[in-house]
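The structure under discussion appears below in the form of C-alpha cells.
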Amino acid sequence: MKKRALNEELLDAASRVINTKGFSHFSLANVAEEAGVSKGGLLHHFPSKRALIEGGITSVLEKYTTSLEQKSALDSNPGHTLRAYIDVSLKDPEQMEAGLLAAIATDPELLKPVQDHYLVWQKRVEEDGLDPVLATIIRLAIDGLWFCDMFGFAPLENDFREKVLEELYSLTRQDG
C-alpha cells in the first residue's frame with residue numbers, strides 16, 4: 001500500500017475508533033488494531049497521538065476545503081458559497097467530528113488550523129453576493145445544525161430537518 005493511502009487508512013481508522021467507541025477508546029493501540037497494522041507500523045507514520053490528531057485535522061480540512069471549492073465552482077450565482085457550505089457541512093459531518101472531539105479533548109491548541117480555516121470561510125461567506133449579515137446568520141445556522149447533530153442537542157427529525165435545510169437554501173437565493 002502506498003504511503004499516502006496507508007496514512008489515509010490510519011486516519012480513517014482513528015476517526016472510526018472515536019466515532020464508534022468514543023474518545024476514551026482513542027489510543028494508538030486501538031487505532032492500529034482498527035487499521036489492521038501493528039502499533040509500530042502506526043508509529044512509523046504518526047509518531048504520537050498528537051501527530052495522529054494533527055494529521056486527522058489536516059486531512060479533514062483539506063478534504064472539506066476541496067469539496068467546498070468544487071461545489072462552489074459549479075454555481076456562480078449569489079449565495080453559491082453558502083449552498084456549497086450546506087452541502088459539504090451536513091453531508092458527512094462525522095469526519096470533522098472525530099478530529100474536533102480529539103483536538104478538544106487533548107489540546108485546544110490543536111483547533112488552531114480549524115479556527116484559521118473558519119476565518120477564511122467566513123470571509124468567503126461575507127463576499128458571497130448576499131447581504132453579509134444575512135450570509136453570516138445562514139452560516140451560523142448551518143454550524144448550529146451541525147453542532148446539534150454532533151452533540152445530540154435536540155437533533156432534528158428527518159422531515160423537519162429537510163424543511164429547515166430547504167429554508168436555508170431558500171435564504172441563500174435572496175438578492176444582496
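Ordering of the C-alpha cells sets the chain letters (A, B, ...); residue numbers start at 1 within each chain; ligands are numbered from 1 in the order shown.
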Quick one: pick out all helix (DSSP H, G or I) residues within segment 11-166 of chain A from a backbone DSSP run and write them as a PDB file with C-alpha atoms, in the first residue's frame.
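Listed below is the output, states19.pdb:
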```
ATOM      1  CA  LEU A  11      -6.603   8.460   9.813  1.00  0.00           C
ATOM      2  CA  ASP A  12      -9.884   6.806   8.827  1.00  0.00           C
ATOM      3  CA  ALA A  13      -9.288   4.130  11.467  1.00  0.00           C
ATOM      4  CA  ALA A  14      -8.691   6.826  14.085  1.00  0.00           C
ATOM      5  CA  SER A  15     -11.941   8.501  13.086  1.00  0.00           C
ATOM      6  CA  ARG A  16     -13.834   5.201  13.244  1.00  0.00           C
ATOM      7  CA  VAL A  17     -12.495   4.476  16.742  1.00  0.00           C
ATOM      8  CA  ILE A  18     -13.628   7.875  18.020  1.00  0.00           C
ATOM      9  CA  ASN A  19     -16.988   7.828  16.228  1.00  0.00           C
ATOM     10  CA  THR A  20     -17.958   4.274  17.164  1.00  0.00           C
ATOM     11  CA  LYS A  21     -16.319   3.719  20.549  1.00  0.00           C
ATOM     12  CA  PHE A  23     -12.793   9.290  22.646  1.00  0.00           C
ATOM     13  CA  SER A  24     -11.987   7.309  25.793  1.00  0.00           C
ATOM     14  CA  HIS A  25     -11.037   4.403  23.483  1.00  0.00           C
ATOM     15  CA  LEU A  28      -2.593   4.237  19.373  1.00  0.00           C
ATOM     16  CA  ALA A  29      -3.120   0.532  20.094  1.00  0.00           C
ATOM     17  CA  ASN A  30      -6.847   0.707  19.287  1.00  0.00           C
ATOM     18  CA  VAL A  31      -6.255   2.722  16.115  1.00  0.00           C
ATOM     19  CA  ALA A  32      -3.581   0.269  14.966  1.00  0.00           C
ATOM     20  CA  GLU A  33      -5.925  -2.654  15.642  1.00  0.00           C
ATOM     21  CA  GLU A  34      -8.777  -0.930  13.776  1.00  0.00           C
ATOM     22  CA  ALA A  35      -6.472  -0.292  10.812  1.00  0.00           C
ATOM     23  CA  LYS A  39       1.378  -0.296  16.711  1.00  0.00           C
ATOM     24  CA  GLY A  40       4.944   0.085  15.412  1.00  0.00           C
ATOM     25  CA  GLY A  41       3.570   0.466  11.886  1.00  0.00           C
ATOM     26  CA  LEU A  42       1.240   3.191  13.086  1.00  0.00           C
ATOM     27  CA  LEU A  43       4.079   4.926  14.941  1.00  0.00           C
ATOM     28  CA  HIS A  44       6.157   4.876  11.753  1.00  0.00           C
ATOM     29  CA  HIS A  45       3.558   7.129  10.107  1.00  0.00           C
ATOM     30  CA  LYS A  49      -1.218  10.504  19.440  1.00  0.00           C
ATOM     31  CA  ARG A  50      -0.933  14.267  18.910  1.00  0.00           C
ATOM     32  CA  ALA A  51       0.616  13.718  15.461  1.00  0.00           C
ATOM     33  CA  LEU A  52      -2.277  11.403  14.582  1.00  0.00           C
ATOM     34  CA  ILE A  53      -4.819  14.016  15.679  1.00  0.00           C
ATOM     35  CA  GLU A  54      -2.974  16.775  13.791  1.00  0.00           C
ATOM     36  CA  GLY A  55      -2.846  14.565  10.705  1.00  0.00           C
ATOM     37  CA  GLY A  56      -6.554  13.871  11.009  1.00  0.00           C
ATOM     38  CA  ILE A  57      -7.449  17.525  11.323  1.00  0.00           C
ATOM     39  CA  THR A  58      -5.202  18.480   8.391  1.00  0.00           C
ATOM     40  CA  SER A  59      -6.652  15.717   6.217  1.00  0.00           C
ATOM     41  CA  VAL A  60     -10.250  16.612   7.063  1.00  0.00           C
ATOM     42  CA  LEU A  61      -9.662  20.306   6.422  1.00  0.00           C
ATOM     43  CA  GLU A  62      -8.038  19.563   3.058  1.00  0.00           C
ATOM     44  CA  LYS A  63     -10.913  17.289   2.002  1.00  0.00           C
ATOM     45  CA  TYR A  64     -13.504  19.741   3.288  1.00  0.00           C
ATOM     46  CA  THR A  65     -11.904  22.690   1.513  1.00  0.00           C
ATOM     47  CA  THR A  66     -11.581  20.758  -1.743  1.00  0.00           C
ATOM     48  CA  SER A  67     -15.225  19.660  -1.581  1.00  0.00           C
ATOM     49  CA  LEU A  68     -16.361  23.175  -0.730  1.00  0.00           C
ATOM     50  CA  GLU A  69     -14.382  24.696  -3.608  1.00  0.00           C
ATOM     51  CA  GLN A  70     -15.582  22.065  -6.095  1.00  0.00           C
ATOM     52  CA  LYS A  71     -19.248  22.509  -5.146  1.00  0.00           C
ATOM     53  CA  SER A  72     -18.937  26.271  -5.054  1.00  0.00           C
ATOM     54  CA  ALA A  73     -17.345  26.349  -8.521  1.00  0.00           C
ATOM     55  CA  HIS A  80     -23.248  29.768  -4.062  1.00  0.00           C
ATOM     56  CA  THR A  81     -20.654  29.524  -1.289  1.00  0.00           C
ATOM     57  CA  LEU A  82     -23.372  29.097   1.323  1.00  0.00           C
ATOM     58  CA  ARG A  83     -25.188  26.444  -0.706  1.00  0.00           C
ATOM     59  CA  ALA A  84     -21.903  24.553  -1.011  1.00  0.00           C
ATOM     60  CA  TYR A  85     -21.331  25.076   2.722  1.00  0.00           C
ATOM     61  CA  ILE A  86     -24.709  23.497   3.486  1.00  0.00           C
ATOM     62  CA  ASP A  87     -23.995  20.507   1.249  1.00  0.00           C
ATOM     63  CA  VAL A  88     -20.475  19.861   2.475  1.00  0.00           C
ATOM     64  CA  SER A  89     -21.041  20.627   6.171  1.00  0.00           C
ATOM     65  CA  LEU A  90     -24.108  18.470   6.553  1.00  0.00           C
ATOM     66  CA  LYS A  91     -23.289  15.642   4.119  1.00  0.00           C
ATOM     67  CA  GLU A  94     -18.602  12.585  11.170  1.00  0.00           C
ATOM     68  CA  GLN A  95     -15.141  13.031   9.682  1.00  0.00           C
ATOM     69  CA  MET A  96     -14.833  16.519  11.117  1.00  0.00           C
ATOM     70  CA  GLU A  97     -16.467  15.486  14.386  1.00  0.00           C
ATOM     71  CA  ALA A  98     -13.813  12.920  15.205  1.00  0.00           C
ATOM     72  CA  GLY A  99     -10.977  15.349  14.646  1.00  0.00           C
ATOM     73  CA  LEU A 100     -12.639  18.132  16.594  1.00  0.00           C
ATOM     74  CA  LEU A 101     -13.507  15.919  19.527  1.00  0.00           C
ATOM     75  CA  ALA A 102      -9.980  14.544  19.644  1.00  0.00           C
ATOM     76  CA  ALA A 103      -8.479  18.023  19.485  1.00  0.00           C
ATOM     77  CA  ILE A 104     -10.762  19.481  22.139  1.00  0.00           C
ATOM     78  CA  ALA A 105     -10.228  16.530  24.445  1.00  0.00           C
ATOM     79  CA  THR A 106      -6.448  16.598  24.260  1.00  0.00           C
ATOM     80  CA  PRO A 108      -7.446  23.090  22.415  1.00  0.00           C
ATOM     81  CA  GLU A 109      -4.393  24.478  20.585  1.00  0.00           C
ATOM     82  CA  LEU A 110      -4.942  21.706  18.044  1.00  0.00           C
ATOM     83  CA  LEU A 111      -8.049  23.604  16.948  1.00  0.00           C
ATOM     84  CA  LYS A 112      -5.935  26.495  15.590  1.00  0.00           C
ATOM     85  CA  PRO A 113      -5.959  25.167  11.983  1.00  0.00           C
ATOM     86  CA  VAL A 114      -9.750  24.806  12.151  1.00  0.00           C
ATOM     87  CA  GLN A 115     -10.090  28.331  13.546  1.00  0.00           C
ATOM     88  CA  ASP A 116      -7.871  29.661  10.742  1.00  0.00           C
ATOM     89  CA  HIS A 117      -9.971  27.886   8.110  1.00  0.00           C
ATOM     90  CA  TYR A 118     -13.164  29.271   9.627  1.00  0.00           C
ATOM     91  CA  LEU A 119     -11.777  32.797   9.215  1.00  0.00           C
ATOM     92  CA  VAL A 120     -11.206  32.100   5.501  1.00  0.00           C
ATOM     93  CA  TRP A 121     -14.653  30.537   5.082  1.00  0.00           C
ATOM     94  CA  GLN A 122     -16.318  33.413   6.918  1.00  0.00           C
ATOM     95  CA  LYS A 123     -14.655  35.909   4.562  1.00  0.00           C
ATOM     96  CA  ARG A 124     -15.909  33.904   1.565  1.00  0.00           C
ATOM     97  CA  VAL A 125     -19.412  33.810   3.048  1.00  0.00           C
ATOM     98  CA  GLU A 126     -19.380  37.582   3.504  1.00  0.00           C
ATOM     99  CA  PRO A 132     -23.035  39.883   4.705  1.00  0.00           C
ATOM    100  CA  VAL A 133     -25.188  39.894   7.862  1.00  0.00           C
ATOM    101  CA  LEU A 134     -27.752  37.518   6.321  1.00  0.00           C
ATOM    102  CA  ALA A 135     -24.943  35.348   4.946  1.00  0.00           C
ATOM    103  CA  THR A 136     -23.344  35.125   8.397  1.00  0.00           C
ATOM    104  CA  ILE A 137     -26.675  34.254  10.015  1.00  0.00           C
ATOM    105  CA  ILE A 138     -27.098  31.437   7.487  1.00  0.00           C
ATOM    106  CA  ARG A 139     -23.550  30.178   8.177  1.00  0.00           C
ATOM    107  CA  LEU A 140     -24.190  30.233  11.907  1.00  0.00           C
ATOM    108  CA  ALA A 141     -27.453  28.299  11.394  1.00  0.00           C
ATOM    109  CA  ILE A 142     -25.588  25.676   9.350  1.00  0.00           C
ATOM    110  CA  ASP A 143     -22.923  25.398  12.040  1.00  0.00           C
ATOM    111  CA  GLY A 144     -25.621  25.217  14.707  1.00  0.00           C
ATOM    112  CA  LEU A 145     -27.375  22.351  12.941  1.00  0.00           C
ATOM    113  CA  TRP A 146     -24.046  20.559  12.611  1.00  0.00           C
ATOM    114  CA  PHE A 147     -23.278  21.017  16.336  1.00  0.00           C
ATOM    115  CA  CYS A 148     -26.783  19.841  17.294  1.00  0.00           C
ATOM    116  CA  ASP A 149     -26.203  16.692  15.257  1.00  0.00           C
ATOM    117  CA  MET A 150     -22.706  16.171  16.645  1.00  0.00           C
ATOM    118  CA  PHE A 151     -23.622  16.536  20.303  1.00  0.00           C
ATOM    119  CA  ASN A 158     -35.612  13.818   9.124  1.00  0.00           C
ATOM    120  CA  ASP A 159     -38.721  15.529   7.683  1.00  0.00           C
ATOM    121  CA  PHE A 160     -38.337  18.623   9.832  1.00  0.00           C
ATOM    122  CA  ARG A 161     -34.598  18.721   9.132  1.00  0.00           C
ATOM    123  CA  GLU A 162     -35.317  18.677   5.388  1.00  0.00           C
ATOM    124  CA  LYS A 163     -37.716  21.604   5.779  1.00  0.00           C
ATOM    125  CA  VAL A 164     -35.091  23.565   7.718  1.00  0.00           C
ATOM    126  CA  LEU A 165     -32.459  22.809   5.061  1.00  0.00           C
ATOM    127  CA  GLU A 166     -34.835  23.881   2.286  1.00  0.00           C
TER     128      GLU A 166
END
```
Distance in Å - atom CA of Ser27 of chain A versus atom CA of Leu6 of chain A: 17.8 Å
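Note that atom CA of Ser38 of chain A and atom CA of Asp107 of chain A are 25.8 Å apart.
Here atom CA of Ser170 of chain A and atom CA of Leu156 of chain A stand 18.5 Å from one another.
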